[in-house]
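To start, the structure itself, in structure tokens.
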Amino acid sequence: MPESAARPLRILLAKLGMDTHTVGITVVAHALREAGMEVIFTGLKQTPEAVANAAIQEDVDVVGVSSLSAGHTRNLPRLAQLLQSQGAADKLLVAGGVIPEEDLPLLQAAGFARVFTMGTDTREIVAYLRAWWGERGASQSSST
Amino acid sequence: MSRAQDRITPAPETQQVAQEAQRWQAATRAPHVAAHPERREPFLTQALKWPIKPLYTPADLEAAGFDYLSDLGFPGEYPYTRGTQPNGHRSALWTMSQVTGFGKGEDWARRARYMLDQGLQGLILEHDLPTTNGYDSDHPLVEGEVGRAGMALDSLEDLERAFELPFERLKYLMSVCNAPQPVNLAMIIAALEKKGVDPRDFVLHIVNGILIEYTCVGRYIFPPVHGLRVATDCIEYIIRNHPNWAPISIISAQLQPAKANPVQEIAFSMTIAVAYLDAVLERGLDIDTVAPYFHFVINVDMDFFEGICKLRAYRKVWARLMKERYGATRPAALKIRMMTSPTTIALTLQQPLNNIGRLAIMATACALGGAGEAMTTPLHDEAHALPAEEAIRVGAALQHIIAHESGVADTIDPLAGSYYVESLTKRIESAAFEEIDRIMAMGGALRAIESGYFQRALGREQYERNKDVEEGRRKWVGVNHLVVPEEKRQIQIFRADNRMEEEQVARVRALRARRDAAAGSAALEAVRQAARSGANLVPPCLAAVKVYATHGELCDAMREVFGVHSPDSQLTGV
Amino acid sequence: MDVAAQLLAGSVAAGARAIRWLDDGDARGREVLRAIFPATGRAHVVGVTGPPGAGKSTLVDMLIAHERRRGRRVAVLAIDPTSPFSGGAILGDRVRMSRHALDAGVFIRSLGTRGARGGLSRSTYDATLVLDAMGYDLVMVETVGVGQEEMDIVRLAHSTIIVAVPGLGDEVQAMKAGLLEAGEILVLNKADREGFEQTWRHLELLLHLRGGGRAAGGWAARLLPAVATRNEGAGAIVAALDEHRRYLEDSGEFERQCGRRSEQQFLALARAALMADLLSGPGAELLRQVRARRLDPYTAAEQLSAQLRAGRTPH
């Protein structure tokens with residue numbers, strides 16, 4: 001095992017349900033890669049169950065869901081619930097896309113730490129994830 | 001002959017202009033710019049990022065090898081750069097339309113009637129994501145999406161409700177349901193039959209645009225080669241049975257929001273058209289019969305001149321392609337049929353009323369570039385959610401203001417001869433042909449899709465163009481310029497009713513319980529049989545929808561034979 | 001229960017976490033490896049490699065489906081390149097296998113190369129050990145689709161499948177030099193495409209030149225057609241894999257290969273450890289001189305070697 005201790009943040013980017021708009025998730029995926037993160041893409045038309053399984057198998061730090069249709073009020077909370085019930089509550093949950101303000105409390109209550117609405121600067125997303133990872137990375141290496 | 005010589009030896013007056021331009025640059029402009037530096041360095045077109053010179057003169061046309069007669073000709077004549085209509089928009093304006101579609105069948109019908117009352121003559125029927133992805137409303141995967149992004153379509157019953165319309169006021173109906181196209185087509189034909197509408201009295205456009213779904217939209221079901229076959233079945237069926245309808249639209253307007261630049265947009269859409277054309281020609285039809293059926297929907301973005309020149313180049317590229325590649329001779333085959341539209345991706349979530357201004361500029365560009373047969377305008381609040389009724393009214397008025405108040409439609413192709421417009425038009429045309437040649441050399445559009453070439457090219461553009469905005473190279477009001485902090489949202493939002501989904505689910509379940517099950521399964525078997533044998537899928541689908549086989553069941557029958565498409569990230573552009 | 005015990009008891013999350021530690025170079029990963037090592041040596045490790053666009057992921061997807069039908073548990077390591085500039089990566093191979101997302105008998109993990117060359121990631125070998133210990137019968141390693149001469153996979157896997165497609169003329173030519181010499185099973189995917197016959201004959205000839213049955217009792221490489229997008233050809237590929245595994249076991253090669261992989265890993269680790277020691281000890285001064293170009297690298301190496309021979313141990 002080589003000795004380098006580089007430890008990039010791993011993030012699963014997922015599209016749930018029937019929503020197939022990929023421009024936003026593509027731009028974000030490229031920006032996160034340029035920021036040195038490992039981006040795992042689930043593909044389109046995924047169920048919350050499949051995304052939860054992938055998040056666990058990939059042992060990602062963050063799960064990001066892009067939603068540009070109306071399904072988010074149902075399938076995002078379902079994903080959060082599945083991750084919690086499978087002992088993966090330590091993963092940071094974020095969402096992005098067309099999500100009306102009035103739905104934000106619902107998603108926050110479900111466990112989404114942050115919702116990036118359409119048009120968010122990718123640098124803001126990168127900065128947010130880096131800050132979180134900075135804190136998380138520190139707490140993890142001291143814990144064991 | 002003499003024209004070619006002209007290019008080598010510039011006309012004396014052009015030479016003089018070129019000399020004078022150099023003098024002006026040195027004596028007048030340079031000192032001024034030294035004192036007043038330019039506000040952008042460099043000036044570039046928005047999407048292509050081509051440098052924009054401070055001034056264009058006849059010398060630029062000369063340098064581009066521009067020749068009036070061969071490059072422009074006259075309206076209604078080859079190569080149609082100045083328009084496909086001999087009298088531009090002086091005889092008839094473009095048909096004005098807007099996108100609509102949501103909820104259950106009767107919801108769509110109510111809104112469609114409202115839109116017709118606002119003076120619109122064409123309607124676009126968009127289906128919800130479960131429908132366009134080939135699922136019934138009660139499929140477990142589609143919960144929460146039913147009737148949201150468009151109308152839910154599970155069975156013929158839904159269309160029977162949707163078609164409670166004054167068909168005498170409807171010039172055309174455009175239907176967008178690409179992957180399950182034979183099912184959707186069969187349902188429309190059966191519904192029109194039930195309503196007693198004569199299919200000769202109006203035009204049904206089916207978009208039938210599966211190759212663009214694979215390229216960037218994502219609403220595919222079967223692997224690309226089967227997707228193409230299914231689309232070809234529909235084209236062939238319509239040409240042979242409903243010759244007054246439109247069986248195929250190449251929606252460049254989906255490539256554009258996926259950030260195709262004008263050259264990619266023309267080249268990708270043209271090679272996609274070639275893939276369909278070649279497939280239809282194999283069915284024993286000839287180019288002069290088939291080509292007139294091809295129809296394009298083209299977006300215009302905020303760069304006014306890039307948009308106008310793109311529309312002009314589109315017409316010429318199509319004409320040349322039909323003539324040079326296929327040897328088409330009928331004018332109808334050489335004339336591109338197109339519908340234009342301002343793009344939604346120029347619109348902002350921030351300060352949404354600003355979008356009305358943007359739409360006016362883009363719609364004016366459409367009108368100046370040659371709106372085509374029809375123009376459809378998106379609504380200024382689209383970025384927020386599904387459109388509200390006030391926005392529909394404003395959107396409809398916008399087109400009337402341009403058509404009747406501005407005068408831009410009163411003479412034909414009014415920007416022709418502009419040194420800048422003609423230089424840019426010609427450059428877009430040549431670059432598009434270079435890219436077309438590259439794609440054909442790799443085996444054409446189907447191969448470019450299968451290998452992910454289109455998708456990767458778009459993915460790169462998406463990332464780069466987003467960086468332009470984030471890093472401020474492109475100023476965008478409300479986003480990175482004149483930003484209003486802590487902006488409050490002011491616009492009315494339309495929300496679909498949650499009960500609607502439950503009702504739709506109950507309906508399709510009740511239908512399955514009620515209908516003749518044996519007739520349904522026999523009809524589905526006939527569809528599987530046709531899928532396997534290569535026989536045209538539309539007739540067995542038509543028979544099946546009439547016995548109320550559902551949309552999802554029919555798609556499943558084809559899935560069993562064709563399999564499903566699950567592209568890796570390379571093939572989605574991510 | 002610690003992570004090693006959990007993964008031995010079948011916890012997917014624990015196995016996934018162990019692979020993460022190994023990939024990150026976290027010291028806890030090595031603890032896990034020590035604990036689980038006795039439980040390894042059972043899984044059939046199969047490499048899947050070939051040029052970009054050959055349909056490796058789709059082929060893997062088809063093989064998963066086939067193996068699942070006969071009840072075998074399957075794990076996949078899908079490797080994609082890490083950007084050398086940013087250190088980031090977009091890992092998208094699992095998309096093609098998404099139909100298995102809900103199958104508890106399938107584990108799919110995406111790995112970035114993170115600077116490793118040869119088409120694998122730094123942690124690929126370690127990760128195969130974890131999956132082996134978790135009880136997966138088959139561990140497929142899908143390599144990066146670049147670099148035909150880079151074939152670390154052949155050294156890592158018990159059996160290697162090379163995926164080719166009709167019409168990739170240049171790629172086939174390039175493969176002739178490298179990969180084709182090495183794979184045990186050669187799959188011509190997209191067999192429904194034009195150019196199939198020609199490429200098939202070309203590959204047949206290459207295999208023939210390579211020596212057909214090789215020495216008596218040796219393994220004769222198989223050439224098989226497939227149309228992975230239509231699930232065609234899996235049966236013959238899986239049969240050939242079974243046959244190859246039996247061949248390896250009967251000839252004692254299976255054990256020897258496992259041993260060779262352990263040996264390679266030991267040597268790599270030892271090399272790294274020794275280098276670190278040398279360069280912080282007697283090599284340090286020599287390295288400084290070489291960097292400053294006061295000493296040529298050849299003389300420096302000879303001096304270091306002479307010092308070691310003279311019995312002056314590091315420190």
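Residue numbering restarts at 1 in every chain; chains get A, B, ... in the order shown in the structure tokens, and ligands count up from 1 in that same order.
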
Wanna dump the chain A-chain C contacts at 10 Å for me, each residue with its shortest atom pair and the distance in Å to one decimal, counting only C-alpha atoms, ordered by chain and number, as a Markdown table?
```
| residue | atom | partner | partner_atom | distance |
| --- | --- | --- | --- | --- |
| A:Met1 | CA | C:Leu269 | CA | 6.2 |
| A:Pro2 | CA | C:Gly25 | CA | 7.0 |
| A:Glu3 | CA | C:Gly25 | CA | 6.1 |
| A:Ser4 | CA | C:Gly25 | CA | 6.3 |
| A:Ala5 | CA | C:Gly25 | CA | 5.1 |
| A:Ala6 | CA | C:Asp24 | CA | 6.2 |
| A:Arg7 | CA | C:Asp24 | CA | 5.1 |
| A:Pro8 | CA | C:Gly88 | CA | 7.4 |
| A:Leu9 | CA | C:Gly88 | CA | 8.9 |
| A:Arg10 | CA | C:Gly88 | CA | 9.2 |
| A:Ile11 | CA | C:Ile90 | CA | 9.8 |
| A:Leu12 | CA | C:Leu91 | CA | 9.4 |
| A:Leu13 | CA | C:Ile90 | CA | 9.9 |
| A:Ala29 | CA | C:Ile90 | CA | 7.0 |
| A:His30 | CA | C:Ile90 | CA | 7.6 |
| A:Ala31 | CA | C:Gly88 | CA | 9.5 |
| A:Leu32 | CA | C:Gly88 | CA | 7.3 |
| A:Arg33 | CA | C:Gly88 | CA | 4.3 |
| A:Glu34 | CA | C:Ser86 | CA | 5.3 |
| A:Ala35 | CA | C:Ser86 | CA | 6.2 |
| A:Gly36 | CA | C:Gly88 | CA | 3.7 |
| A:Met37 | CA | C:Gly88 | CA | 4.4 |
| A:Glu38 | CA | C:Ala89 | CA | 4.7 |
| A:Val39 | CA | C:Ile90 | CA | 4.7 |
| A:Ile40 | CA | C:Leu91 | CA | 4.7 |
| A:Phe41 | CA | C:Gly92 | CA | 5.1 |
| A:Thr42 | CA | C:Val95 | CA | 5.4 |
| A:Gly43 | CA | C:Val95 | CA | 4.9 |
| A:Leu44 | CA | C:Val95 | CA | 8.1 |
| A:Lys45 | CA | C:Ser98 | CA | 9.7 |
| A:Gln46 | CA | C:Ser98 | CA | 8.2 |
| A:Thr47 | CA | C:Ala101 | CA | 9.3 |
| A:Glu49 | CA | C:Leu102 | CA | 7.1 |
| A:Ala50 | CA | C:Ala101 | CA | 5.1 |
| A:Val51 | CA | C:Ala101 | CA | 7.9 |
| A:Ala52 | CA | C:Ala101 | CA | 9.3 |
| A:Asn53 | CA | C:Ala101 | CA | 6.7 |
| A:Ala54 | CA | C:Ala101 | CA | 7.0 |
| A:Ala55 | CA | C:Ala13 | CA | 9.5 |
| A:Ile56 | CA | C:Ala13 | CA | 5.7 |
| A:Gln57 | CA | C:Ala16 | CA | 5.3 |
| A:Glu58 | CA | C:Arg109 | CA | 5.4 |
| A:Asp59 | CA | C:Ala16 | CA | 5.5 |
| A:Val60 | CA | C:Arg20 | CA | 8.6 |
| A:Gln86 | CA | C:Ala13 | CA | 8.8 |
| A:Gly87 | CA | C:Ala13 | CA | 8.4 |
| A:Ala88 | CA | C:Ala13 | CA | 8.2 |
| A:Ser141 | CA | C:Asp26 | CA | 9.0 |
| A:Thr144 | CA | C:Arg28 | CA | 8.4 |
```

What are the nearest atom pairs, with distances in Å to one decimal, for all residues of chain A that come at most 10 Å from chain B, using only C-alpha atoms, set out by chain and rising residue number as JSON lines?
```
{"residue": "A:Leu16", "atom": "CA", "partner": "B:Leu141", "partner_atom": "CA", "distance": 9.1}
{"residue": "A:Gly17", "atom": "CA", "partner": "B:Val142", "partner_atom": "CA", "distance": 6.0}
{"residue": "A:Met18", "atom": "CA", "partner": "B:Leu129", "partner_atom": "CA", "distance": 5.5}
{"residue": "A:Asp19", "atom": "CA", "partner": "B:Leu129", "partner_atom": "CA", "distance": 6.8}
{"residue": "A:Thr20", "atom": "CA", "partner": "B:Gly218", "partner_atom": "CA", "distance": 5.1}
{"residue": "A:His21", "atom": "CA", "partner": "B:Val217", "partner_atom": "CA", "distance": 6.2}
{"residue": "A:Thr22", "atom": "CA", "partner": "B:Val217", "partner_atom": "CA", "distance": 7.5}
{"residue": "A:Val23", "atom": "CA", "partner": "B:Ala258", "partner_atom": "CA", "distance": 6.1}
{"residue": "A:Gly24", "atom": "CA", "partner": "B:Gln462", "partner_atom": "CA", "distance": 8.5}
{"residue": "A:Ile25", "atom": "CA", "partner": "B:Val574", "partner_atom": "CA", "distance": 7.2}
{"residue": "A:Thr26", "atom": "CA", "partner": "B:Val574", "partner_atom": "CA", "distance": 4.4}
{"residue": "A:Val27", "atom": "CA", "partner": "B:Tyr463", "partner_atom": "CA", "distance": 4.9}
{"residue": "A:Val28", "atom": "CA", "partner": "B:Tyr463", "partner_atom": "CA", "distance": 8.1}
{"residue": "A:Ala29", "atom": "CA", "partner": "B:Val574", "partner_atom": "CA", "distance": 6.6}
{"residue": "A:His30", "atom": "CA", "partner": "B:Tyr463", "partner_atom": "CA", "distance": 6.6}
{"residue": "A:Ala31", "atom": "CA", "partner": "B:Tyr463", "partner_atom": "CA", "distance": 7.5}
{"residue": "A:Val39", "atom": "CA", "partner": "B:Val574", "partner_atom": "CA", "distance": 9.9}
{"residue": "A:Ile40", "atom": "CA", "partner": "B:Ser569", "partner_atom": "CA", "distance": 9.4}
{"residue": "A:Phe41", "atom": "CA", "partner": "B:Ser569", "partner_atom": "CA", "distance": 6.9}
{"residue": "A:Thr42", "atom": "CA", "partner": "B:Ser569", "partner_atom": "CA", "distance": 8.4}
{"residue": "A:Gly43", "atom": "CA", "partner": "B:Ser569", "partner_atom": "CA", "distance": 6.8}
{"residue": "A:Leu44", "atom": "CA", "partner": "B:Gly218", "partner_atom": "CA", "distance": 7.7}
{"residue": "A:Lys45", "atom": "CA", "partner": "B:Leu141", "partner_atom": "CA", "distance": 8.1}
{"residue": "A:Gln46", "atom": "CA", "partner": "B:Leu141", "partner_atom": "CA", "distance": 8.1}
{"residue": "A:Thr47", "atom": "CA", "partner": "B:Leu141", "partner_atom": "CA", "distance": 6.5}
{"residue": "A:Pro48", "atom": "CA", "partner": "B:Leu141", "partner_atom": "CA", "distance": 9.4}
{"residue": "A:Leu68", "atom": "CA", "partner": "B:Ala385", "partner_atom": "CA", "distance": 9.4}
{"residue": "A:Ser69", "atom": "CA", "partner": "B:Ala149", "partner_atom": "CA", "distance": 6.7}
{"residue": "A:Ala70", "atom": "CA", "partner": "B:Glu145", "partner_atom": "CA", "distance": 5.7}
{"residue": "A:Gly71", "atom": "CA", "partner": "B:Gly144", "partner_atom": "CA", "distance": 4.4}
{"residue": "A:His72", "atom": "CA", "partner": "B:Gly144", "partner_atom": "CA", "distance": 7.6}
{"residue": "A:Thr73", "atom": "CA", "partner": "B:Gly144", "partner_atom": "CA", "distance": 7.6}
{"residue": "A:Arg74", "atom": "CA", "partner": "B:Gly144", "partner_atom": "CA", "distance": 6.2}
{"residue": "A:Asn75", "atom": "CA", "partner": "B:Gly144", "partner_atom": "CA", "distance": 7.7}
{"residue": "A:Val98", "atom": "CA", "partner": "B:His384", "partner_atom": "CA", "distance": 7.2}
{"residue": "A:Ile99", "atom": "CA", "partner": "B:His384", "partner_atom": "CA", "distance": 8.4}
{"residue": "A:Pro100", "atom": "CA", "partner": "B:His384", "partner_atom": "CA", "distance": 7.3}
{"residue": "A:Glu101", "atom": "CA", "partner": "B:Arg489", "partner_atom": "CA", "distance": 9.3}
{"residue": "A:Thr117", "atom": "CA", "partner": "B:Leu349", "partner_atom": "CA", "distance": 9.4}
{"residue": "A:Met118", "atom": "CA", "partner": "B:Leu349", "partner_atom": "CA", "distance": 7.6}
{"residue": "A:Gly119", "atom": "CA", "partner": "B:Leu349", "partner_atom": "CA", "distance": 7.6}
{"residue": "A:Thr120", "atom": "CA", "partner": "B:Val479", "partner_atom": "CA", "distance": 9.1}
{"residue": "A:Asp121", "atom": "CA", "partner": "B:Glu470", "partner_atom": "CA", "distance": 6.2}
{"residue": "A:Thr122", "atom": "CA", "partner": "B:Glu470", "partner_atom": "CA", "distance": 7.7}
{"residue": "A:Arg123", "atom": "CA", "partner": "B:Glu470", "partner_atom": "CA", "distance": 7.9}
```

Please produce a file of those selected residues containing C-alpha atoms, as a PDB file, in the first residue's frame.
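This went into out27.pdb:
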```pdb
ATOM      1  CA  LEU A  16     -33.959  10.218  -8.671  1.00  0.00           C
ATOM      2  CA  GLY A  17     -37.196   9.282 -10.346  1.00  0.00           C
ATOM      3  CA  MET A  18     -38.053  10.221 -13.900  1.00  0.00           C
ATOM      4  CA  ASP A  19     -36.266  13.540 -14.045  1.00  0.00           C
ATOM      5  CA  THR A  20     -33.649  13.334 -16.788  1.00  0.00           C
ATOM      6  CA  HIS A  21     -32.261  16.877 -16.932  1.00  0.00           C
ATOM      7  CA  THR A  22     -28.506  16.479 -16.729  1.00  0.00           C
ATOM      8  CA  VAL A  23     -27.027  19.901 -17.470  1.00  0.00           C
ATOM      9  CA  GLY A  24     -26.937  20.981 -13.818  1.00  0.00           C
ATOM     10  CA  ILE A  25     -25.517  17.726 -12.523  1.00  0.00           C
ATOM     11  CA  THR A  26     -22.951  17.659 -15.335  1.00  0.00           C
ATOM     12  CA  VAL A  27     -21.679  21.119 -14.526  1.00  0.00           C
ATOM     13  CA  VAL A  28     -21.539  20.304 -10.820  1.00  0.00           C
ATOM     14  CA  ALA A  29     -19.793  16.971 -11.452  1.00  0.00           C
ATOM     15  CA  HIS A  30     -17.096  18.649 -13.528  1.00  0.00           C
ATOM     16  CA  ALA A  31     -16.636  21.439 -10.981  1.00  0.00           C
ATOM     17  CA  VAL A  39     -17.591  12.022  -8.002  1.00  0.00           C
ATOM     18  CA  ILE A  40     -19.580   8.834  -8.408  1.00  0.00           C
ATOM     19  CA  PHE A  41     -22.514   9.170 -10.773  1.00  0.00           C
ATOM     20  CA  THR A  42     -25.506   6.872 -10.386  1.00  0.00           C
ATOM     21  CA  GLY A  43     -27.036   7.450 -13.780  1.00  0.00           C
ATOM     22  CA  LEU A  44     -30.573   8.506 -14.477  1.00  0.00           C
ATOM     23  CA  LYS A  45     -33.925   7.216 -13.282  1.00  0.00           C
ATOM     24  CA  GLN A  46     -32.776   5.782  -9.968  1.00  0.00           C
ATOM     25  CA  THR A  47     -34.950   4.755  -7.049  1.00  0.00           C
ATOM     26  CA  PRO A  48     -34.150   5.997  -3.518  1.00  0.00           C
ATOM     27  CA  LEU A  68     -35.691  19.294 -11.670  1.00  0.00           C
ATOM     28  CA  SER A  69     -39.162  17.901 -11.521  1.00  0.00           C
ATOM     29  CA  ALA A  70     -41.852  17.613  -8.934  1.00  0.00           C
ATOM     30  CA  GLY A  71     -40.831  14.326  -7.353  1.00  0.00           C
ATOM     31  CA  HIS A  72     -38.509  15.819  -4.754  1.00  0.00           C
ATOM     32  CA  THR A  73     -41.073  16.113  -1.971  1.00  0.00           C
ATOM     33  CA  ARG A  74     -41.412  12.348  -1.912  1.00  0.00           C
ATOM     34  CA  ASN A  75     -38.242  10.709  -3.058  1.00  0.00           C
ATOM     35  CA  VAL A  98     -35.631  23.433  -9.095  1.00  0.00           C
ATOM     36  CA  ILE A  99     -36.891  23.277  -5.549  1.00  0.00           C
ATOM     37  CA  PRO A 100     -39.385  25.908  -4.396  1.00  0.00           C
ATOM     38  CA  GLU A 101     -38.599  27.741  -1.178  1.00  0.00           C
ATOM     39  CA  THR A 117     -31.348  26.079  -5.833  1.00  0.00           C
ATOM     40  CA  MET A 118     -30.962  26.458  -9.570  1.00  0.00           C
ATOM     41  CA  GLY A 119     -28.274  28.901 -10.600  1.00  0.00           C
ATOM     42  CA  THR A 120     -26.088  28.398  -7.545  1.00  0.00           C
ATOM     43  CA  ASP A 121     -22.467  29.215  -8.282  1.00  0.00           C
ATOM     44  CA  THR A 122     -20.509  25.948  -8.363  1.00  0.00           C
ATOM     45  CA  ARG A 123     -17.791  27.665  -6.336  1.00  0.00           C
TER      46      ARG A 123
END
```

### Task
Check the smallest atom-to-atom distance from each of C:Leu223, C:Ala228, C:Leu120, C:Leu308 to chain B using only C-alpha atoms, then report the winner.
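Once distances to chain B are computed over only C-alpha atoms, the minimum belongs to C:Ala228.
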
### Message
Based on the backbone DSSP call, show me all residues of region 45-247 of chain B assigned strand (DSSP E or B), as a ChimeraX atom specification.
### Response
/B:51,95-100,103,122-127,151,172-176,203-206,246

### Message
Taking only C-alpha atoms into account, name the residue in C:Ser57, C:Ser251, C:Gln257, C:Gln303 that is nearest to chain B.
### Response
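When distances to chain B are compared using only C-alpha atoms, the smallest one comes from C:Ser57.
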
### Among listed residues C:Asp132, C:Glu204, C:Glu232, C:Gly119, nearest chain B (using only C-alpha atoms)
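Among the listed residues, C:Glu232 lies closest to chain B.
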
### Task
Write out as a PyMOL selection string the residues lying within 12 Å of Gln399 (chain B), counting only C-alpha atoms and excluding same-chain residues fewer than 5 positions away.
chain B and resi 93-98+118-120+340-342+356+359-367+371+374-379+392-394+404-406+408-409
